[in-house]
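Just run.txt here, compact mmCIF, C-alpha atoms:
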```txt
# COMPACT_ATOMS: atom_id res chain seq x y z
CA MET A 1 85.20 84.20 104.41
CA GLU A 2 82.33 82.39 106.05
CA PHE A 3 78.75 83.57 106.38
CA TYR A 4 75.85 83.08 108.75
CA ILE A 5 72.40 82.98 107.15
CA LEU A 6 69.64 84.45 109.32
CA ASN A 7 65.87 84.21 109.08
CA SER A 8 63.40 87.09 109.46
CA ASP A 9 63.67 86.80 113.26
CA PHE A 10 67.46 87.35 112.96
CA GLU A 11 68.20 83.81 114.14
CA ILE A 12 71.07 81.84 112.61
CA ILE A 13 69.68 78.98 110.56
CA ALA A 14 72.94 77.85 108.98
CA ALA A 15 76.58 78.67 108.32
CA LEU A 16 77.75 78.88 104.71
CA ASP A 17 81.43 78.20 104.07
CA THR A 18 81.23 76.27 100.79
CA PHE A 19 80.90 78.44 97.72
CA LYS A 20 82.63 79.06 94.40
CA SER A 21 83.31 82.73 95.10
CA ALA A 22 82.19 85.59 97.31
CA ILE A 23 82.61 89.34 96.97
CA TRP A 24 82.00 91.76 99.85
CA THR A 25 82.22 95.52 99.18
CA ARG A 26 82.16 98.35 101.72
CA ARG A 27 81.87 102.03 100.82
CA PHE A 28 82.48 105.20 102.81
CA TYR A 29 79.84 107.46 101.29
CA GLU A 30 77.28 104.90 100.07
CA SER A 31 75.89 101.48 100.82
CA GLY A 32 78.07 98.50 100.02
CA ASP A 33 77.01 95.28 98.36
CA PHE A 34 77.83 91.58 98.18
CA GLU A 35 77.55 88.56 95.94
CA ILE A 36 77.78 84.86 96.78
CA TYR A 37 78.25 82.39 93.92
CA ALA A 38 77.62 78.81 95.05
CA PRO A 39 76.71 75.39 93.62
CA ALA A 40 72.95 75.07 93.33
CA ASN A 41 71.63 72.25 95.49
CA ALA A 42 68.83 71.64 97.96
CA THR A 43 70.81 73.30 100.76
CA THR A 44 71.84 76.50 98.99
CA LEU A 45 68.50 76.90 97.22
CA GLY A 46 66.77 76.69 100.61
CA LEU A 47 69.19 79.06 102.34
CA LEU A 48 69.89 81.79 99.81
CA THR A 49 66.44 83.26 99.32
CA GLU A 50 65.31 86.86 98.87
CA GLY A 51 65.02 88.74 102.16
CA ARG A 52 67.43 86.55 104.14
CA ILE A 53 70.10 88.28 106.23
CA VAL A 54 73.74 87.44 105.49
CA VAL A 55 76.30 88.10 108.25
CA ARG A 56 80.05 87.77 107.94
CA ALA A 57 81.27 85.26 110.50
CA ASP A 58 84.65 86.98 110.85
CA LYS A 59 83.20 90.52 111.13
CA GLN A 60 79.75 90.07 112.59
CA GLU A 61 78.92 93.78 112.60
CA GLN A 62 78.85 93.56 108.80
CA ALA A 63 75.56 92.26 107.44
CA GLY A 64 73.51 92.50 104.28
CA ILE A 65 70.12 91.57 102.90
CA ILE A 66 69.69 89.24 99.91
CA GLU A 67 67.77 91.18 97.26
CA THR A 68 68.37 89.18 94.09
CA VAL A 69 68.64 85.44 93.50
CA LYS A 70 69.63 83.95 90.15
CA VAL A 71 69.97 80.27 89.32
CA THR A 72 71.94 79.21 86.25
CA THR A 73 72.14 75.72 84.77
CA SER A 74 74.76 74.37 82.40
CA GLN A 75 75.72 70.88 81.35
CA GLU A 76 79.35 71.96 81.10
CA GLU A 77 79.70 74.31 84.08
CA GLY A 78 77.12 72.80 86.39
CA ASP A 79 74.26 74.47 88.25
CA TYR A 80 74.91 77.58 90.33
CA ILE A 81 73.01 80.05 92.47
CA ILE A 82 74.02 83.70 92.67
CA ALA A 83 72.70 85.58 95.70
CA SER A 84 73.38 89.31 95.84
CA GLY A 85 72.25 92.36 97.75
CA HIS A 86 73.32 95.41 99.69
CA ASN A 87 74.55 95.87 103.22
CA LEU A 88 72.42 97.37 105.99
CA GLN A 89 73.22 100.94 104.91
CA ALA A 90 70.69 100.28 102.13
CA LEU A 91 67.88 100.26 104.70
CA LEU A 92 67.98 104.04 104.29
CA ASN A 93 66.93 103.48 100.69
CA ARG A 94 63.57 102.17 101.97
CA ARG A 95 62.49 105.54 103.35
CA ILE A 96 61.90 109.03 101.99
CA VAL A 97 61.72 112.40 103.70
CA TRP A 98 57.99 112.04 104.28
CA LYS A 99 57.14 115.69 104.88
CA GLN A 100 58.87 118.96 104.09
CA THR A 101 61.83 119.24 106.41
CA THR A 102 64.05 122.30 106.72
CA LEU A 103 67.37 121.55 108.36
CA ILE A 104 69.70 124.24 109.65
CA GLY A 105 72.69 123.39 111.80
CA ASN A 106 75.35 120.77 112.37
CA PRO A 107 75.52 118.04 109.65
CA GLU A 108 75.64 115.24 112.19
CA LYS A 109 72.58 116.55 114.03
CA VAL A 110 70.80 117.03 110.71
CA VAL A 111 71.40 113.44 109.61
CA ARG A 112 70.46 112.04 113.00
CA ARG A 113 67.20 113.99 112.86
CA LEU A 114 66.39 112.57 109.42
CA ILE A 115 66.99 109.00 110.63
CA THR A 116 65.00 109.58 113.82
CA GLU A 117 61.97 111.19 112.19
CA ASN A 118 61.73 108.76 109.28
CA MET A 119 62.94 105.42 110.65
CA ILE A 120 63.04 105.34 114.46
CA GLU A 121 60.30 107.67 115.77
CA ALA A 122 58.19 108.20 112.66
CA GLU A 123 54.65 109.48 113.25
CA ASP A 124 53.28 106.57 111.22
CA GLU A 125 54.29 103.45 113.16
CA LYS A 126 54.42 101.48 109.91
CA ARG A 127 57.43 103.57 108.91
CA ILE A 128 59.36 102.61 112.05
CA ILE A 129 62.15 100.03 111.76
CA SER A 130 62.10 98.74 115.32
CA GLN A 131 65.63 97.31 115.12
CA MET A 132 67.21 100.65 114.17
CA ARG A 133 69.26 102.54 116.76
CA LEU A 134 71.48 105.63 116.74
CA ALA A 135 75.04 105.40 117.99
CA GLU A 136 76.40 108.04 120.33
CA PRO A 137 77.20 111.30 118.48
CA ALA A 138 80.69 111.35 116.98
CA GLY A 139 81.16 115.07 117.55
CA ILE A 140 81.46 115.99 113.89
CA SER A 141 81.71 119.75 113.30
CA GLY A 142 80.35 121.94 110.53
CA THR A 143 77.16 123.69 109.55
CA MET A 144 74.63 123.40 106.74
CA LYS A 145 71.21 124.58 105.58
CA ALA A 146 68.92 122.42 103.47
CA GLN A 147 65.31 121.59 102.74
CA TYR A 148 63.98 118.22 101.60
CA THR A 149 60.57 116.94 100.56
CA GLY A 150 60.10 113.40 99.29
CA ASP A 151 63.81 112.80 98.76
CA ASN A 152 65.21 109.34 99.28
CA ILE A 153 66.89 109.18 102.70
CA ALA A 154 69.89 107.24 101.36
CA ASP A 155 70.48 109.86 98.65
CA VAL A 156 70.16 112.72 101.14
CA VAL A 157 72.54 111.19 103.68
CA SER A 158 75.06 110.24 100.98
CA GLY A 159 75.00 113.79 99.59
CA ILE A 160 75.51 115.37 103.01
CA CYS A 161 78.34 112.95 103.76
CA LYS A 162 80.15 113.61 100.47
CA GLU A 163 79.97 117.35 100.92
CA ASN A 164 81.28 117.15 104.50
CA ARG A 165 83.81 114.29 103.96
CA ILE A 166 82.16 112.00 106.49
CA GLY A 167 81.06 108.40 106.19
CA PHE A 168 78.06 106.50 107.45
CA LYS A 169 77.47 102.88 108.37
CA VAL A 170 74.88 100.59 109.90
CA ASP A 171 76.39 97.94 112.19
CA PHE A 172 74.60 94.74 113.14
CA ASP A 173 74.49 93.32 116.66
CA LEU A 174 73.86 89.58 116.39
CA THR A 175 73.15 89.20 120.11
CA ALA A 176 70.80 92.16 120.52
CA LYS A 177 69.38 91.77 117.00
CA THR A 178 69.65 95.50 116.37
CA PHE A 179 71.05 97.83 113.68
CA THR A 180 73.06 100.86 114.77
CA PHE A 181 73.45 103.86 112.48
CA SER A 182 76.49 106.07 112.93
CA LEU A 183 78.51 108.74 111.20
CA TYR A 184 82.29 108.72 111.34
CA GLU A 185 85.34 110.55 110.07
CA GLY A 186 88.37 108.84 108.63
CA THR A 187 91.78 109.15 110.27
CA ASP A 188 94.54 111.15 108.56
CA ARG A 189 97.46 108.73 108.16
CA THR A 190 99.42 110.86 105.66
CA PHE A 191 102.69 112.75 105.99
CA ASN A 192 100.62 115.84 106.84
CA GLN A 193 100.21 114.77 110.47
CA THR A 194 102.24 113.28 113.30
CA ALA A 195 99.52 111.93 115.62
CA VAL A 196 99.37 108.40 114.16
CA PRO A 197 101.77 106.21 112.14
CA PHE A 198 101.93 106.88 108.40
CA VAL A 199 100.34 104.47 105.94
CA VAL A 200 102.17 104.51 102.61
CA PHE A 201 101.52 102.38 99.55
CA SER A 202 104.12 102.47 96.79
CA ALA A 203 106.07 100.26 94.44
CA ASP A 204 109.20 101.07 96.42
CA PHE A 205 107.61 99.68 99.56
CA ASP A 206 106.71 96.51 97.69
CA ASN A 207 103.15 96.59 99.02
CA LEU A 208 101.29 97.23 95.76
CA LEU A 209 100.44 94.51 93.26
CA SER A 210 98.84 96.83 90.72
CA THR A 211 97.53 100.37 90.34
CA ASP A 212 95.10 102.12 88.01
CA TYR A 213 95.43 105.91 88.13
CA THR A 214 92.59 108.07 86.77
CA ALA A 215 92.22 111.83 86.37
CA ASP A 216 88.93 112.78 84.71
CA GLY A 217 87.84 116.40 84.51
CA TYR A 218 85.10 116.03 81.89
CA GLY A 219 82.22 116.39 84.32
CA HIS A 220 83.97 118.92 86.55
CA LYS A 221 82.08 122.14 87.36
CA ASN A 222 83.21 125.01 89.56
CA VAL A 223 80.30 127.47 89.23
CA ILE A 224 76.67 126.50 89.84
CA GLN A 225 73.69 128.76 89.22
CA VAL A 226 70.84 127.61 91.47
CA ALA A 227 67.26 128.68 90.67
CA GLY A 228 64.52 128.34 93.25
CA GLU A 229 60.88 129.43 93.42
CA GLY A 230 59.32 132.01 91.16
CA GLU A 231 58.78 132.32 87.42
CA GLY A 232 60.73 133.97 84.63
CA THR A 233 62.83 136.94 85.63
CA ALA A 234 61.28 136.85 89.10
CA ARG A 235 62.76 133.46 89.84
CA GLN A 236 65.11 133.58 92.82
CA LYS A 237 68.70 132.60 92.00
CA VAL A 238 72.06 132.30 93.70
CA THR A 239 75.50 131.48 92.37
CA VAL A 240 77.86 129.13 94.17
CA ALA A 241 81.48 128.94 93.03
CA THR A 242 84.75 127.38 94.05
CA THR A 243 86.87 129.69 91.90
CA ASN A 244 87.16 133.33 90.90
CA LEU A 245 88.80 132.41 87.63
CA GLY A 246 87.25 133.28 84.28
CA GLY A 247 87.73 132.28 80.69
CA MET A 248 88.28 128.61 79.93
CA ALA A 249 88.94 127.83 83.60
CA ARG A 250 85.32 128.67 84.48
CA LYS A 251 83.01 125.63 84.18
CA GLU A 252 79.35 126.38 84.74
CA ALA A 253 76.24 124.31 85.47
CA PHE A 254 72.61 124.92 86.39
CA ALA A 255 70.72 123.39 89.33
CA ASP A 256 66.92 123.44 89.38
CA ALA A 257 65.79 123.89 92.99
CA LYS A 258 62.09 124.67 92.51
CA ASP A 259 61.36 122.07 95.18
CA LEU A 260 62.87 124.42 97.79
CA SER A 261 60.17 126.66 99.21
CA SER A 262 60.18 129.75 101.41
CA ASN A 263 56.66 128.70 102.48
CA SER A 264 55.15 132.07 101.57
CA GLY A 265 57.58 134.06 103.65
CA GLU A 266 58.07 131.67 106.55
CA PHE A 267 61.79 131.88 105.85
CA THR A 268 63.58 135.20 105.40
CA ALA A 269 65.16 136.02 102.05
CA LEU A 270 68.58 135.44 103.61
CA THR A 271 67.63 132.01 104.95
CA TYR A 272 66.04 130.99 101.64
CA ALA A 273 69.17 132.11 99.77
CA ALA A 274 71.22 129.95 102.15
CA LEU A 275 69.03 126.94 101.30
CA LEU A 276 69.65 127.53 97.61
CA ALA A 277 73.37 127.90 98.25
CA GLN A 278 73.39 124.56 100.07
CA ARG A 279 71.84 122.90 97.01
CA GLY A 280 74.57 124.45 94.90
CA ALA A 281 77.26 123.17 97.25
CA GLU A 282 75.80 119.66 96.96
CA ALA A 283 75.87 119.94 93.16
CA LEU A 284 79.52 121.04 93.24
CA ALA A 285 80.36 118.09 95.49
CA GLU A 286 79.01 115.80 92.78
CA ALA A 287 80.92 117.60 90.03
CA ARG A 288 84.51 117.49 91.29
CA ILE A 289 87.47 116.43 89.21
CA ILE A 290 87.60 112.67 89.49
CA GLU A 291 91.12 111.77 90.49
CA GLY A 292 91.86 108.49 92.11
CA MET A 293 93.73 105.25 92.22
CA GLU A 294 92.43 101.75 92.41
CA SER A 295 95.14 99.58 93.84
CA GLU A 296 95.43 95.95 94.74
CA ILE A 297 97.48 95.35 97.83
CA ALA A 298 99.18 92.10 98.70
CA ALA A 299 96.92 90.68 101.37
CA ASN A 300 99.41 88.09 102.58
CA TYR A 301 102.53 90.21 102.95
CA SER A 302 101.58 93.89 102.88
CA SER A 303 103.09 95.90 105.70
CA PHE A 304 99.72 97.61 106.14
CA GLN A 305 96.63 95.54 106.76
CA ILE A 306 93.04 96.69 106.26
CA ASP A 307 91.06 96.94 109.50
CA ARG A 308 94.29 96.83 111.46
CA ASP A 309 96.59 99.59 110.22
CA PHE A 310 94.10 101.57 108.14
CA PHE A 311 90.35 101.63 107.71
CA LEU A 312 87.60 102.64 105.33
CA GLY A 313 87.51 106.45 105.20
CA ASP A 314 91.14 107.00 106.20
CA LEU A 315 93.53 109.31 104.34
CA VAL A 316 96.73 107.57 103.21
CA GLU A 317 99.81 108.19 101.08
CA ILE A 318 100.01 106.46 97.71
CA ILE A 319 102.73 106.70 95.08
CA ASP A 320 102.69 104.70 91.86
CA GLN A 321 105.74 103.76 89.83
CA TYR A 322 105.26 106.76 87.52
CA GLY A 323 105.44 109.28 90.32
CA HIS A 324 101.74 110.02 90.75
CA GLU A 325 101.51 111.04 94.38
CA MET A 326 98.23 111.41 96.21
CA THR A 327 96.89 111.67 99.74
CA PRO A 328 93.54 110.11 98.91
CA ARG A 329 90.77 108.70 101.03
CA VAL A 330 89.91 105.03 101.13
CA ILE A 331 86.35 105.22 99.78
CA GLU A 332 85.79 101.56 98.96
CA ILE A 333 87.13 98.16 100.01
CA ILE A 334 86.39 95.06 97.94
CA GLU A 335 87.19 91.72 99.52
CA SER A 336 86.84 88.56 97.50
CA GLN A 337 87.49 84.90 97.95
CA ASP A 338 87.47 82.09 95.40
CA ASP A 339 89.41 78.99 94.45
CA THR A 340 92.59 81.05 94.05
CA GLY A 341 92.40 82.50 97.56
CA TYR A 342 91.62 85.82 99.21
CA THR A 343 92.19 89.25 97.66
CA CYS A 344 91.53 92.76 98.92
CA ILE A 345 91.28 95.78 96.64
CA PRO A 346 90.90 99.24 98.20
CA THR A 347 89.85 102.17 96.05
CA PHE A 348 91.50 105.49 96.82
CA ALA A 349 89.94 108.76 95.69
CA ASN A 350 90.86 112.40 96.08
CA ASP A 351 87.70 113.98 97.48
CA GLU A 352 89.13 117.49 97.72
CA GLU A 353 88.36 120.14 95.11
```
Target format structure tokens, applied to this file:
Amino acid sequence: MEFYILNSDFEIIAALDTFKSAIWTRRFYESGDFEIYAPANATTLGLLTEGRIVVRADKQEQAGIIETVKVTTSQEEGDYIIASGHNLQALLNRRIVWKQTTLIGNPEKVVRRLITENMIEAEDEKRIISQMRLAEPAGISGTMKAQYTGDNIADVVSGICKENRIGFKVDFDLTAKTFTFSLYEGTDRTFNQTAVPFVVFSADFDNLLSTDYTADGYGHKNVIQVAGEGEGTARQKVTVATTNLGGMARKEAFADAKDLSSNSGEFTALTYAALLAQRGAEALAEARIIEGMESEIAANYSSFQIDRDFFLGDLVEIIDQYGHEMTPRVIEIIESQDDTGYTCIPTFANDEE
């Protein structure tokens, strides 16, 4: 990996290709992050400062902002600087839903409205990020009802994306000096379809170096009671469930949604109940059984290459040597480079109930 370091005017001031190690992480549902560990000297101390933009030279649409700088000194190990931060998705973390916003309709249109009203065409011009753009709509289907007031935009978008199995990203255009926000759906590359070639990782295919399989149901809930406005027995409640089972199979939780308001009858009882139900659906999305595999693929000889044969957000087939079979989604990709070479570790997770 090699990086371009940009100033506040998004102009390249230097290329950085000498470092001890670098880690670059992309995520489907959330912002990614990065870390550059380099010898501390006049050059690196001048380049790697808080607020600088870091762009990957090999994938220039991927950029991040340095948020933390740490300098360590050691007589034995030498002096090093560690610059870390998040990618441009984290710009959403700098804005909140400024005023009460009720959103009813298609998830993609809902998210695009949130970005437009709070980052691109905000009433207060100080809230506008002039470099931010919206990509063309991806045509994502679905419907939702929600109400937000003061919520962090990054948290809202991430929650909507998780519930609807869609990803979001912010691409950088080095020439135009702009950021483009877009939503996207992963491609199904499993045995369940015939439209595109299969992508299969297994010990038999000799394209896995290691796997860590996890199934964790401790935090799993399948019934959520959501309570909205009102007091005591008059408080309005709805129940959202993913199962009709009872007994030990029923796992309950409570979601406080007092922040959702009917605005003194502005919304009908049916619409307000739908808003509460949406909050319950979001809570269930956060309380699924955690089943996944973290696998290290062989970057130099794997039959399937990241960003060529499969991409962040895609569904793939994975089979470990003990017969655990999954059709998980690629929710994270960690690329790293150090003295030993380049490695790439995708994280696969089952995001279905």
Near-Phe168 (chain A) list (7 Å; all atoms listed in the file; drop same-chain fewer than 5 positions) as number ranges by chain: A: 28-29, 182-184
Å distance separating CA of Gly105 (chain A) from CA of Val156 (chain A), one decimal place: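 Separating CA of Gly105 (chain A) from CA of Val156 (chain A) is a distance of 15.3 Å.
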Test item: residues at most 8 Å from Phe34 (chain A), all atoms listed in the file, excluding those fewer than 2 positions along its chain, as a PyMOL selection string: chain A and resi 22-25+32+36+64+84-87
Shell of 10 Å around Thr242 (chain A), only C-alpha atoms, local chain residues under 2 positions omitted, as JSON, numbers by chain: {"A": [221, 222, 223, 224, 240, 244, 245, 250, 281, 284, 353]}
Between CA of Gln60 (chain A) and CA of Lys20 (chain A) - distance in Å to one decimal: 21.5 Å
Pairwise distance for CA of Glu325 (chain A) and CA of Asp212 (chain A), rounded to one decimal in Å: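 Pair CA of Glu325 (chain A) / CA of Asp212 (chain A) returns 12.7 Å.
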9 Å contact set for Tyr213 (chain A), all atoms listed in the file, chain neighbours under 3 positions out, as a list in words: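 Here the qualifying residues turn out to be Glu291, Gly292, Met293, Glu294, Ser295, Asp320 and His324 of chain A.
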Which residues come within 12 Å of region 334-339 of chain A, counting all atoms listed in the file, excluding same-chain residues fewer than 4 positions away, as a PDB file with C-alpha atoms, in the coordinates of the input?
```
ATOM      1  CA  MET A   1      85.200  84.200 104.410  1.00  0.00           C
ATOM      2  CA  GLU A   2      82.330  82.390 106.050  1.00  0.00           C
ATOM      3  CA  ASP A  17      81.430  78.200 104.070  1.00  0.00           C
ATOM      4  CA  THR A  18      81.230  76.270 100.790  1.00  0.00           C
ATOM      5  CA  PHE A  19      80.900  78.440  97.720  1.00  0.00           C
ATOM      6  CA  LYS A  20      82.630  79.060  94.400  1.00  0.00           C
ATOM      7  CA  SER A  21      83.310  82.730  95.100  1.00  0.00           C
ATOM      8  CA  ALA A  22      82.190  85.590  97.310  1.00  0.00           C
ATOM      9  CA  ILE A  23      82.610  89.340  96.970  1.00  0.00           C
ATOM     10  CA  TRP A  24      82.000  91.760  99.850  1.00  0.00           C
ATOM     11  CA  THR A  25      82.220  95.520  99.180  1.00  0.00           C
ATOM     12  CA  ARG A  26      82.160  98.350 101.720  1.00  0.00           C
ATOM     13  CA  ARG A  27      81.870 102.030 100.820  1.00  0.00           C
ATOM     14  CA  PHE A  28      82.480 105.200 102.810  1.00  0.00           C
ATOM     15  CA  GLY A  32      78.070  98.500 100.020  1.00  0.00           C
ATOM     16  CA  ASP A  33      77.010  95.280  98.360  1.00  0.00           C
ATOM     17  CA  PHE A  34      77.830  91.580  98.180  1.00  0.00           C
ATOM     18  CA  GLU A  35      77.550  88.560  95.940  1.00  0.00           C
ATOM     19  CA  ILE A  36      77.780  84.860  96.780  1.00  0.00           C
ATOM     20  CA  TYR A  37      78.250  82.390  93.920  1.00  0.00           C
ATOM     21  CA  ALA A  38      77.620  78.810  95.050  1.00  0.00           C
ATOM     22  CA  ARG A  56      80.050  87.770 107.940  1.00  0.00           C
ATOM     23  CA  GLU A 294      92.430 101.750  92.410  1.00  0.00           C
ATOM     24  CA  SER A 295      95.140  99.580  93.840  1.00  0.00           C
ATOM     25  CA  GLU A 296      95.430  95.950  94.740  1.00  0.00           C
ATOM     26  CA  ILE A 297      97.480  95.350  97.830  1.00  0.00           C
ATOM     27  CA  ALA A 299      96.920  90.680 101.370  1.00  0.00           C
ATOM     28  CA  ILE A 306      93.040  96.690 106.260  1.00  0.00           C
ATOM     29  CA  ASP A 307      91.060  96.940 109.500  1.00  0.00           C
ATOM     30  CA  LEU A 312      87.600 102.640 105.330  1.00  0.00           C
ATOM     31  CA  VAL A 330      89.910 105.030 101.130  1.00  0.00           C
ATOM     32  CA  THR A 343      92.190  89.250  97.660  1.00  0.00           C
ATOM     33  CA  CYS A 344      91.530  92.760  98.920  1.00  0.00           C
ATOM     34  CA  ILE A 345      91.280  95.780  96.640  1.00  0.00           C
ATOM     35  CA  PRO A 346      90.900  99.240  98.200  1.00  0.00           C
ATOM     36  CA  THR A 347      89.850 102.170  96.050  1.00  0.00           C
ATOM     37  CA  PHE A 348      91.500 105.490  96.820  1.00  0.00           C
TER      38      PHE A 348
END
```
Polymer residues at most 10 Å from (99.1, 107.1, 106.8) by only C-alpha atoms, as an MDAnalysis selection string: chainID A and resid 187:194 196:201 304 309:310 314:318 327
Within 8 Å of file point (73.6, 96.8, 111.7), counting only C-alpha atoms, expressed as a count of residues only: 15
Among the residues A:Pro39, A:Arg52, A:Ser8, A:Val71, the one that comes closest to Gln131 (chain A) [using only C-alpha atoms]: A:Ser8
